[in-house]
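**Student:** This is my_file-v6.pdb (PDB, C-alpha atoms).
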```pdb
MODEL        1
ATOM      1  CA  MET A   1     116.448  61.580  51.226
ATOM      2  CA  SER A   2     119.118  62.183  53.808
ATOM      3  CA  SER A   3     122.625  63.188  52.847
ATOM      4  CA  ASN A   4     123.969  59.695  53.529
ATOM      5  CA  ASN A   5     123.767  59.750  57.329
ATOM      6  CA  LEU A   6     124.188  55.984  57.529
ATOM      7  CA  LYS A   7     127.402  55.962  55.468
ATOM      8  CA  GLN A   8     128.901  58.773  57.551
ATOM      9  CA  LYS A   9     127.871  57.016  60.762
ATOM     10  CA  TYR A  10     129.540  53.831  59.509
ATOM     11  CA  GLN A  11     132.764  55.631  58.584
ATOM     12  CA  LYS A  12     132.957  57.734  61.755
ATOM     13  CA  GLU A  13     131.698  55.360  64.460
ATOM     14  CA  ILE A  14     130.679  51.848  63.441
ATOM     15  CA  ALA A  15     133.877  50.835  61.588
ATOM     16  CA  GLN A  16     136.100  51.746  64.575
ATOM     17  CA  LYS A  17     133.756  50.038  67.037
ATOM     18  CA  LEU A  18     133.605  46.799  65.016
ATOM     19  CA  ALA A  19     137.357  46.782  64.328
ATOM     20  CA  LYS A  20     138.036  47.069  68.069
ATOM     21  CA  GLU A  21     135.363  44.451  68.894
ATOM     22  CA  PHE A  22     136.832  41.878  66.476
ATOM     23  CA  GLY A  23     140.447  42.620  67.456
ATOM     24  CA  LYS A  24     141.472  44.288  64.186
ATOM     25  CA  VAL A  25     144.129  46.996  64.265
ATOM     26  CA  ASN A  26     143.129  48.531  60.925
ATOM     27  CA  VAL A  27     139.667  50.089  60.570
ATOM     28  CA  LEU A  28     139.544  48.865  56.954
ATOM     29  CA  ALA A  29     139.544  45.269  58.238
ATOM     30  CA  ALA A  30     136.159  45.831  59.944
ATOM     31  CA  PRO A  31     133.115  44.194  58.303
ATOM     32  CA  ARG A  32     131.414  46.462  55.775
ATOM     33  CA  LEU A  33     128.613  46.428  53.250
ATOM     34  CA  GLU A  34     129.503  45.364  49.701
ATOM     35  CA  LYS A  35     126.116  45.667  47.968
ATOM     36  CA  VAL A  36     122.366  45.289  48.356
ATOM     37  CA  VAL A  37     120.533  43.157  45.778
ATOM     38  CA  ILE A  38     116.751  43.493  45.402
ATOM     39  CA  ASN A  39     114.887  41.036  43.213
ATOM     40  CA  VAL A  40     111.291  40.387  42.232
ATOM     41  CA  GLY A  41     110.130  37.173  40.612
ATOM     42  CA  ILE A  42     107.466  37.569  37.915
ATOM     43  CA  GLY A  43     106.518  34.142  36.640
ATOM     44  CA  GLU A  44     103.554  35.347  34.601
ATOM     45  CA  ALA A  45     105.532  38.076  32.763
ATOM     46  CA  ALA A  46     105.694  35.934  29.599
ATOM     47  CA  GLN A  47     101.886  35.830  29.320
ATOM     48  CA  GLU A  48     101.120  39.451  30.301
ATOM     49  CA  LYS A  49     103.054  41.968  28.213
ATOM     50  CA  GLY A  50     102.643  45.203  30.229
ATOM     51  CA  LEU A  51     103.366  43.513  33.539
ATOM     52  CA  LEU A  52     107.148  43.608  33.269
ATOM     53  CA  ASP A  53     107.179  47.360  32.583
ATOM     54  CA  SER A  54     104.866  48.243  35.483
ATOM     55  CA  VAL A  55     106.838  46.152  37.991
ATOM     56  CA  ALA A  56     110.098  47.587  36.616
ATOM     57  CA  GLU A  57     108.755  51.128  37.204
ATOM     58  CA  GLU A  58     107.816  50.256  40.801
ATOM     59  CA  LEU A  59     111.227  48.725  41.471
ATOM     60  CA  ALA A  60     112.955  51.745  39.918
ATOM     61  CA  ALA A  61     110.904  54.061  42.167
ATOM     62  CA  ILE A  62     111.787  52.023  45.260
ATOM     63  CA  THR A  63     115.523  51.744  44.541
ATOM     64  CA  GLY A  64     116.277  54.827  42.437
ATOM     65  CA  GLN A  65     117.879  52.623  39.780
ATOM     66  CA  ARG A  66     116.586  50.849  36.664
ATOM     67  CA  PRO A  67     116.218  47.072  37.169
ATOM     68  CA  LYS A  68     117.792  44.411  34.964
ATOM     69  CA  ILE A  69     115.534  41.751  33.449
ATOM     70  CA  CYS A  70     116.278  38.144  34.445
ATOM     71  CA  ARG A  71     115.428  35.553  31.814
ATOM     72  CA  ALA A  72     114.726  31.833  32.042
ATOM     73  CA  ARG A  73     117.741  29.658  31.232
ATOM     74  CA  LYS A  74     115.713  26.560  30.386
ATOM     75  CA  ALA A  75     112.238  25.858  29.026
ATOM     76  CA  ILE A  76     109.845  24.325  31.581
ATOM     77  CA  ALA A  77     106.686  23.016  29.958
ATOM     78  CA  ASP A  78     104.724  22.669  33.215
ATOM     79  CA  PHE A  79     105.068  26.420  33.818
ATOM     80  CA  LYS A  80     104.519  27.322  30.120
ATOM     81  CA  LEU A  81     108.024  28.789  30.155
ATOM     82  CA  GLN A  82     110.332  29.131  27.158
ATOM     83  CA  ALA A  83     114.086  29.616  27.459
ATOM     84  CA  GLY A  84     114.725  33.370  27.328
ATOM     85  CA  ASP A  85     111.337  34.411  28.740
ATOM     86  CA  PRO A  86     111.509  37.202  31.349
ATOM     87  CA  ILE A  87     110.939  35.722  34.818
ATOM     88  CA  GLY A  88     112.130  38.464  37.161
ATOM     89  CA  LEU A  89     113.812  41.787  37.797
ATOM     90  CA  VAL A  90     116.941  42.502  39.809
ATOM     91  CA  VAL A  91     118.635  45.688  41.047
ATOM     92  CA  THR A  92     122.123  45.798  42.552
ATOM     93  CA  LEU A  93     122.778  48.861  44.695
ATOM     94  CA  ARG A  94     126.245  49.999  45.732
ATOM     95  CA  GLY A  95     127.721  53.132  47.292
ATOM     96  CA  LYS A  96     125.412  56.037  48.131
ATOM     97  CA  ARG A  97     122.231  54.398  46.817
ATOM     98  CA  MET A  98     122.954  51.277  48.862
ATOM     99  CA  TYR A  99     123.269  53.235  52.120
ATOM    100  CA  ASP A 100     120.208  55.374  51.294
ATOM    101  CA  PHE A 101     118.134  52.262  50.561
ATOM    102  CA  LEU A 102     119.278  50.489  53.736
ATOM    103  CA  GLU A 103     118.530  53.546  55.850
ATOM    104  CA  LYS A 104     115.039  53.787  54.311
ATOM    105  CA  LEU A 105     114.497  50.040  54.857
ATOM    106  CA  VAL A 106     115.471  50.173  58.534
ATOM    107  CA  LYS A 107     113.850  53.480  59.524
ATOM    108  CA  ILE A 108     110.702  53.638  57.354
ATOM    109  CA  VAL A 109     109.802  50.346  55.660
ATOM    110  CA  LEU A 110     110.311  47.679  58.352
ATOM    111  CA  PRO A 111     108.416  49.635  61.062
ATOM    112  CA  ARG A 112     105.443  49.862  58.630
ATOM    113  CA  LEU A 113     105.100  46.066  58.397
ATOM    114  CA  ARG A 114     102.090  44.494  60.106
ATOM    115  CA  ASP A 115     102.833  42.562  63.326
ATOM    116  CA  PHE A 116     106.536  43.367  63.059
ATOM    117  CA  HIS A 117     108.678  42.024  65.905
ATOM    118  CA  GLY A 118     112.063  42.253  64.207
ATOM    119  CA  VAL A 119     113.611  40.427  61.255
ATOM    120  CA  SER A 120     114.505  36.749  61.607
ATOM    121  CA  LEU A 121     118.048  35.669  62.420
ATOM    122  CA  LYS A 122     117.590  32.705  60.060
ATOM    123  CA  GLY A 123     118.266  34.868  56.994
ATOM    124  CA  PHE A 124     122.055  34.520  57.199
ATOM    125  CA  ASP A 125     123.823  32.297  54.659
ATOM    126  CA  GLY A 126     126.875  31.210  56.677
ATOM    127  CA  ARG A 127     129.169  33.824  55.085
ATOM    128  CA  GLY A 128     127.838  36.968  56.766
ATOM    129  CA  ASN A 129     125.286  37.879  54.069
ATOM    130  CA  TYR A 130     121.652  38.444  55.001
ATOM    131  CA  THR A 131     118.513  37.819  52.933
ATOM    132  CA  LEU A 132     115.128  39.203  53.861
ATOM    133  CA  GLY A 133     111.843  38.649  52.071
ATOM    134  CA  LEU A 134     109.012  41.171  52.054
ATOM    135  CA  SER A 135     105.580  39.843  51.125
ATOM    136  CA  GLU A 136     104.402  43.114  49.620
ATOM    137  CA  GLN A 137     105.958  46.093  47.864
ATOM    138  CA  THR A 138     103.301  48.469  49.231
ATOM    139  CA  VAL A 139     105.254  49.111  52.461
ATOM    140  CA  PHE A 140     107.636  51.321  50.476
ATOM    141  CA  PRO A 141     106.542  54.988  50.538
ATOM    142  CA  GLU A 142     107.347  55.454  46.804
ATOM    143  CA  VAL A 143     104.798  52.872  45.663
ATOM    144  CA  ASP A 144     101.437  54.383  44.703
ATOM    145  CA  PHE A 145      98.792  52.000  46.037
ATOM    146  CA  GLY A 146      96.293  53.059  43.345
ATOM    147  CA  LYS A 147      98.548  52.061  40.438
ATOM    148  CA  ILE A 148      99.280  48.528  41.653
ATOM    149  CA  ALA A 149      97.642  45.707  39.708
ATOM    150  CA  LYS A 150      98.842  42.965  42.060
ATOM    151  CA  VAL A 151     100.679  42.941  45.377
ATOM    152  CA  ARG A 152     104.106  41.340  44.881
ATOM    153  CA  GLY A 153     106.815  40.236  47.215
ATOM    154  CA  LEU A 154     110.459  41.112  46.884
ATOM    155  CA  GLU A 155     113.697  39.718  48.204
ATOM    156  CA  ILE A 156     116.466  41.886  49.624
ATOM    157  CA  THR A 157     119.968  40.444  50.003
ATOM    158  CA  ILE A 158     122.518  42.459  51.952
ATOM    159  CA  VAL A 159     126.018  41.343  50.958
ATOM    160  CA  THR A 160     128.818  42.081  53.418
ATOM    161  CA  ASN A 161     132.531  41.299  53.413
ATOM    162  CA  ALA A 162     132.180  39.609  56.831
ATOM    163  CA  LYS A 163     133.398  36.024  56.672
ATOM    164  CA  ASP A 164     130.868  34.620  59.152
ATOM    165  CA  ASP A 165     127.306  35.240  60.338
ATOM    166  CA  LYS A 166     128.277  36.627  63.755
ATOM    167  CA  LYS A 167     130.287  39.475  62.223
ATOM    168  CA  GLY A 168     127.619  40.108  59.583
ATOM    169  CA  GLN A 169     124.949  40.247  62.269
ATOM    170  CA  ARG A 170     126.982  42.691  64.399
ATOM    171  CA  LEU A 171     127.483  44.942  61.355
ATOM    172  CA  LEU A 172     123.767  44.964  60.536
ATOM    173  CA  GLU A 173     122.825  45.545  64.191
ATOM    174  CA  GLU A 174     125.116  48.574  64.276
ATOM    175  CA  LEU A 175     123.566  49.847  61.046
ATOM    176  CA  GLY A 176     120.152  49.678  62.747
ATOM    177  CA  MET A 177     118.676  46.390  61.486
ATOM    178  CA  PRO A 178     116.001  45.370  64.018
ATOM    179  CA  PHE A 179     116.572  41.644  64.663
ATOM    180  CA  GLU A 180     113.984  39.720  66.660
ATOM    181  CA  LYS A 181     114.821  39.193  70.299
TER     182      LYS A 181
ENDMDL
END
```
How does this structure look as structure tokens?

**Tutor:**
Amino acid sequence: MSSNNLKQKYQKEIAQKLAKEFGKVNVLAAPRLEKVVINVGIGEAAQEKGLLDSVAEELAAITGQRPKICRARKAIADFKLQAGDPIGLVVTLRGKRMYDFLEKLVKIVLPRLRDFHGVSLKGFDGRGNYTLGLSEQTVFPEVDFGKIAKVRGLEITIVTNAKDDKKGQRLLEELGMPFEK
């Protein structure tokens, strides 16, 4: 991948621009990325043994980092779920990997989506963080279409230190996130 073009662009241009725009004297007061969290829910992982490993490999290929297994806190009889059963995988990216992943998401993955007109502005949580759901993992170039047993969705949460949605949105726009018009 690139040698962290997005991080350098943020440090050299975007931070100063946002600090000036929001009336901050110090560049370090500008909104910035904290982390990117990617998670995949696998409800049927308790019944199918090899499933967790194959999805974990895909997620590791996509993010460049080994995922952590999320387990059920409570037993739910209707879903045939015991407390402690694996129900999902999560990866938290920070630093270089975070910027590399975001750059790949914005420049390669999102343009490959069918009927893509920009990501929704409804994904903000009120504190400047943005969550985006992808219905299939196949849009990532690392995923080998032949090895996939089932198409799965994944959720990407971009956590910023912006205190409100407007600042978070401006940060993501500057980083290249294509919001719908």

**Student:** Would you pick out the contacts of Val90 in chain A at 8 Å or less, using all atoms listed in the file, so that residues sharing its chain but fewer than 3 positions from it are not included, and give the list as a list in words?

**Tutor:**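 Here the qualifying residues turn out to be Val37, Ile38, Asn39, Val40, Pro67, Lys68, Ile69 and Cys70 of chain A.
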
**Student:** Could those residues be written to a file, using C-alpha atoms, as a PDB file, in the frame of the given file?

**Tutor:**
```pdb
ATOM      1  CA  VAL A  37     120.533  43.157  45.778  1.00  0.00           C
ATOM      2  CA  ILE A  38     116.751  43.493  45.402  1.00  0.00           C
ATOM      3  CA  ASN A  39     114.887  41.036  43.213  1.00  0.00           C
ATOM      4  CA  VAL A  40     111.291  40.387  42.232  1.00  0.00           C
ATOM      5  CA  PRO A  67     116.218  47.072  37.169  1.00  0.00           C
ATOM      6  CA  LYS A  68     117.792  44.411  34.964  1.00  0.00           C
ATOM      7  CA  ILE A  69     115.534  41.751  33.449  1.00  0.00           C
ATOM      8  CA  CYS A  70     116.278  38.144  34.445  1.00  0.00           C
TER       9      CYS A  70
END
```

**Student:** Mind pulling up the distance from CA of Asp115 in chain A to CA of Leu89 in chain A?

**Tutor:**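 Going from CA of Leu89 in chain A over to CA of Asp115 in chain A, I get 27.8 Å.
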
**Student:** Could you name the residues that touch range 121-137 of chain A at 10 Å or less, counting all atoms listed in the file, but leaving out those on the same chain fewer than 2 positions away, as a PyMOL selection string?

**Tutor:** chain A and resi 31+33-40+55+58-59+62+109-110+113+118-119+139-145+148+150-172+179-181

**Student:** Only C-alpha atoms, please: the residues just picked out, written as an mmCIF file, keeping the file's coordinate frame.

**Tutor:**
```
data_model
loop_
_atom_site.group_PDB
_atom_site.id
_atom_site.type_symbol
_atom_site.label_atom_id
_atom_site.label_comp_id
_atom_site.auth_asym_id
_atom_site.auth_seq_id
_atom_site.Cartn_x
_atom_site.Cartn_y
_atom_site.Cartn_z
ATOM 1 C CA PRO A 31 133.115 44.194 58.303
ATOM 2 C CA LEU A 33 128.613 46.428 53.250
ATOM 3 C CA GLU A 34 129.503 45.364 49.701
ATOM 4 C CA LYS A 35 126.116 45.667 47.968
ATOM 5 C CA VAL A 36 122.366 45.289 48.356
ATOM 6 C CA VAL A 37 120.533 43.157 45.778
ATOM 7 C CA ILE A 38 116.751 43.493 45.402
ATOM 8 C CA ASN A 39 114.887 41.036 43.213
ATOM 9 C CA VAL A 40 111.291 40.387 42.232
ATOM 10 C CA VAL A 55 106.838 46.152 37.991
ATOM 11 C CA GLU A 58 107.816 50.256 40.801
ATOM 12 C CA LEU A 59 111.227 48.725 41.471
ATOM 13 C CA ILE A 62 111.787 52.023 45.260
ATOM 14 C CA VAL A 109 109.802 50.346 55.660
ATOM 15 C CA LEU A 110 110.311 47.679 58.352
ATOM 16 C CA LEU A 113 105.100 46.066 58.397
ATOM 17 C CA GLY A 118 112.063 42.253 64.207
ATOM 18 C CA VAL A 119 113.611 40.427 61.255
ATOM 19 C CA VAL A 139 105.254 49.111 52.461
ATOM 20 C CA PHE A 140 107.636 51.321 50.476
ATOM 21 C CA PRO A 141 106.542 54.988 50.538
ATOM 22 C CA GLU A 142 107.347 55.454 46.804
ATOM 23 C CA VAL A 143 104.798 52.872 45.663
ATOM 24 C CA ASP A 144 101.437 54.383 44.703
ATOM 25 C CA PHE A 145 98.792 52.000 46.037
ATOM 26 C CA ILE A 148 99.280 48.528 41.653
ATOM 27 C CA LYS A 150 98.842 42.965 42.060
ATOM 28 C CA VAL A 151 100.679 42.941 45.377
ATOM 29 C CA ARG A 152 104.106 41.340 44.881
ATOM 30 C CA GLY A 153 106.815 40.236 47.215
ATOM 31 C CA LEU A 154 110.459 41.112 46.884
ATOM 32 C CA GLU A 155 113.697 39.718 48.204
ATOM 33 C CA ILE A 156 116.466 41.886 49.624
ATOM 34 C CA THR A 157 119.968 40.444 50.003
ATOM 35 C CA ILE A 158 122.518 42.459 51.952
ATOM 36 C CA VAL A 159 126.018 41.343 50.958
ATOM 37 C CA THR A 160 128.818 42.081 53.418
ATOM 38 C CA ASN A 161 132.531 41.299 53.413
ATOM 39 C CA ALA A 162 132.180 39.609 56.831
ATOM 40 C CA LYS A 163 133.398 36.024 56.672
ATOM 41 C CA ASP A 164 130.868 34.620 59.152
ATOM 42 C CA ASP A 165 127.306 35.240 60.338
ATOM 43 C CA LYS A 166 128.277 36.627 63.755
ATOM 44 C CA LYS A 167 130.287 39.475 62.223
ATOM 45 C CA GLY A 168 127.619 40.108 59.583
ATOM 46 C CA GLN A 169 124.949 40.247 62.269
ATOM 47 C CA ARG A 170 126.982 42.691 64.399
ATOM 48 C CA LEU A 171 127.483 44.942 61.355
ATOM 49 C CA LEU A 172 123.767 44.964 60.536
ATOM 50 C CA PHE A 179 116.572 41.644 64.663
ATOM 51 C CA GLU A 180 113.984 39.720 66.660
ATOM 52 C CA LYS A 181 114.821 39.193 70.299
#
```

**Student:** Fewer than 2 positions away in the same chain doesn't count, so skip those; otherwise give me all residues within 7 Å of Ile87 in chain A, counting all atoms listed in the file, as a list in words.

**Tutor:**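 Here the answer would be Gly41, Ile42, Gly43, Ala45, Cys70, Arg71, Ala72 and Asp85 of chain A.
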
**Student:** Just the residues within 10 Å of range 13-23 of chain A, please, counting all atoms listed in the file, with nothing from its chain fewer than 4 positions along; format it as a list in words.

**Tutor:**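 Skipping anything fewer than 4 positions along the chain leaves Leu6, Lys7, Gln8, Lys9, Val27, Leu28, Ala29, Ala30, Pro31, Arg32, Lys167, Arg170, Leu171, Glu174 and Leu175 of chain A.
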
**Student:** Can you write out the residues you just picked, keeping C-alpha atoms, as a PDB file, keeping the file's coordinate frame?

**Tutor:**
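The file below, result_17.pdb, is the result:
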```pdb
ATOM      1  CA  LEU A   6     124.188  55.984  57.529  1.00  0.00           C
ATOM      2  CA  LYS A   7     127.402  55.962  55.468  1.00  0.00           C
ATOM      3  CA  GLN A   8     128.901  58.773  57.551  1.00  0.00           C
ATOM      4  CA  LYS A   9     127.871  57.016  60.762  1.00  0.00           C
ATOM      5  CA  VAL A  27     139.667  50.089  60.570  1.00  0.00           C
ATOM      6  CA  LEU A  28     139.544  48.865  56.954  1.00  0.00           C
ATOM      7  CA  ALA A  29     139.544  45.269  58.238  1.00  0.00           C
ATOM      8  CA  ALA A  30     136.159  45.831  59.944  1.00  0.00           C
ATOM      9  CA  PRO A  31     133.115  44.194  58.303  1.00  0.00           C
ATOM     10  CA  ARG A  32     131.414  46.462  55.775  1.00  0.00           C
ATOM     11  CA  LYS A 167     130.287  39.475  62.223  1.00  0.00           C
ATOM     12  CA  ARG A 170     126.982  42.691  64.399  1.00  0.00           C
ATOM     13  CA  LEU A 171     127.483  44.942  61.355  1.00  0.00           C
ATOM     14  CA  GLU A 174     125.116  48.574  64.276  1.00  0.00           C
ATOM     15  CA  LEU A 175     123.566  49.847  61.046  1.00  0.00           C
TER      16      LEU A 175
END
```

**Student:** With all atoms listed in the file as the atoms that count, which of A:Met177, A:Pro86, A:Gly146, A:Val91 lies nearest to Leu51 in chain A?

**Tutor:**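 Among A:Met177, A:Pro86, A:Gly146, A:Val91, it is A:Pro86 that comes nearest to Leu51 in chain A.
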
**Student:** Which one of A:Lys12, A:Arg66, A:Lys147, A:Arg112 sits closest to Ser54 in chain A if you count all atoms listed in the file?

**Tutor:**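 Looking only at the distances to Ser54 in chain A, the closest residue turns out to be A:Lys147.
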
**Student:** For range 136-153 of chain A, I'd like the enclosing box, axis-aligned and padded by 5 Å on every side, reported as JSON with centre and edge lengths in Å to one decimal.

**Tutor:**
```
{"center_x": 102.0, "center_y": 47.8, "center_z": 46.1, "size_x": 21.3, "size_y": 25.2, "size_z": 22.8}
```

**Student:** In Å, with one decimal, what is the gap from CA of Phe79 in chain A to CA of Ala56 in chain A?

**Tutor:** 21.9 Å
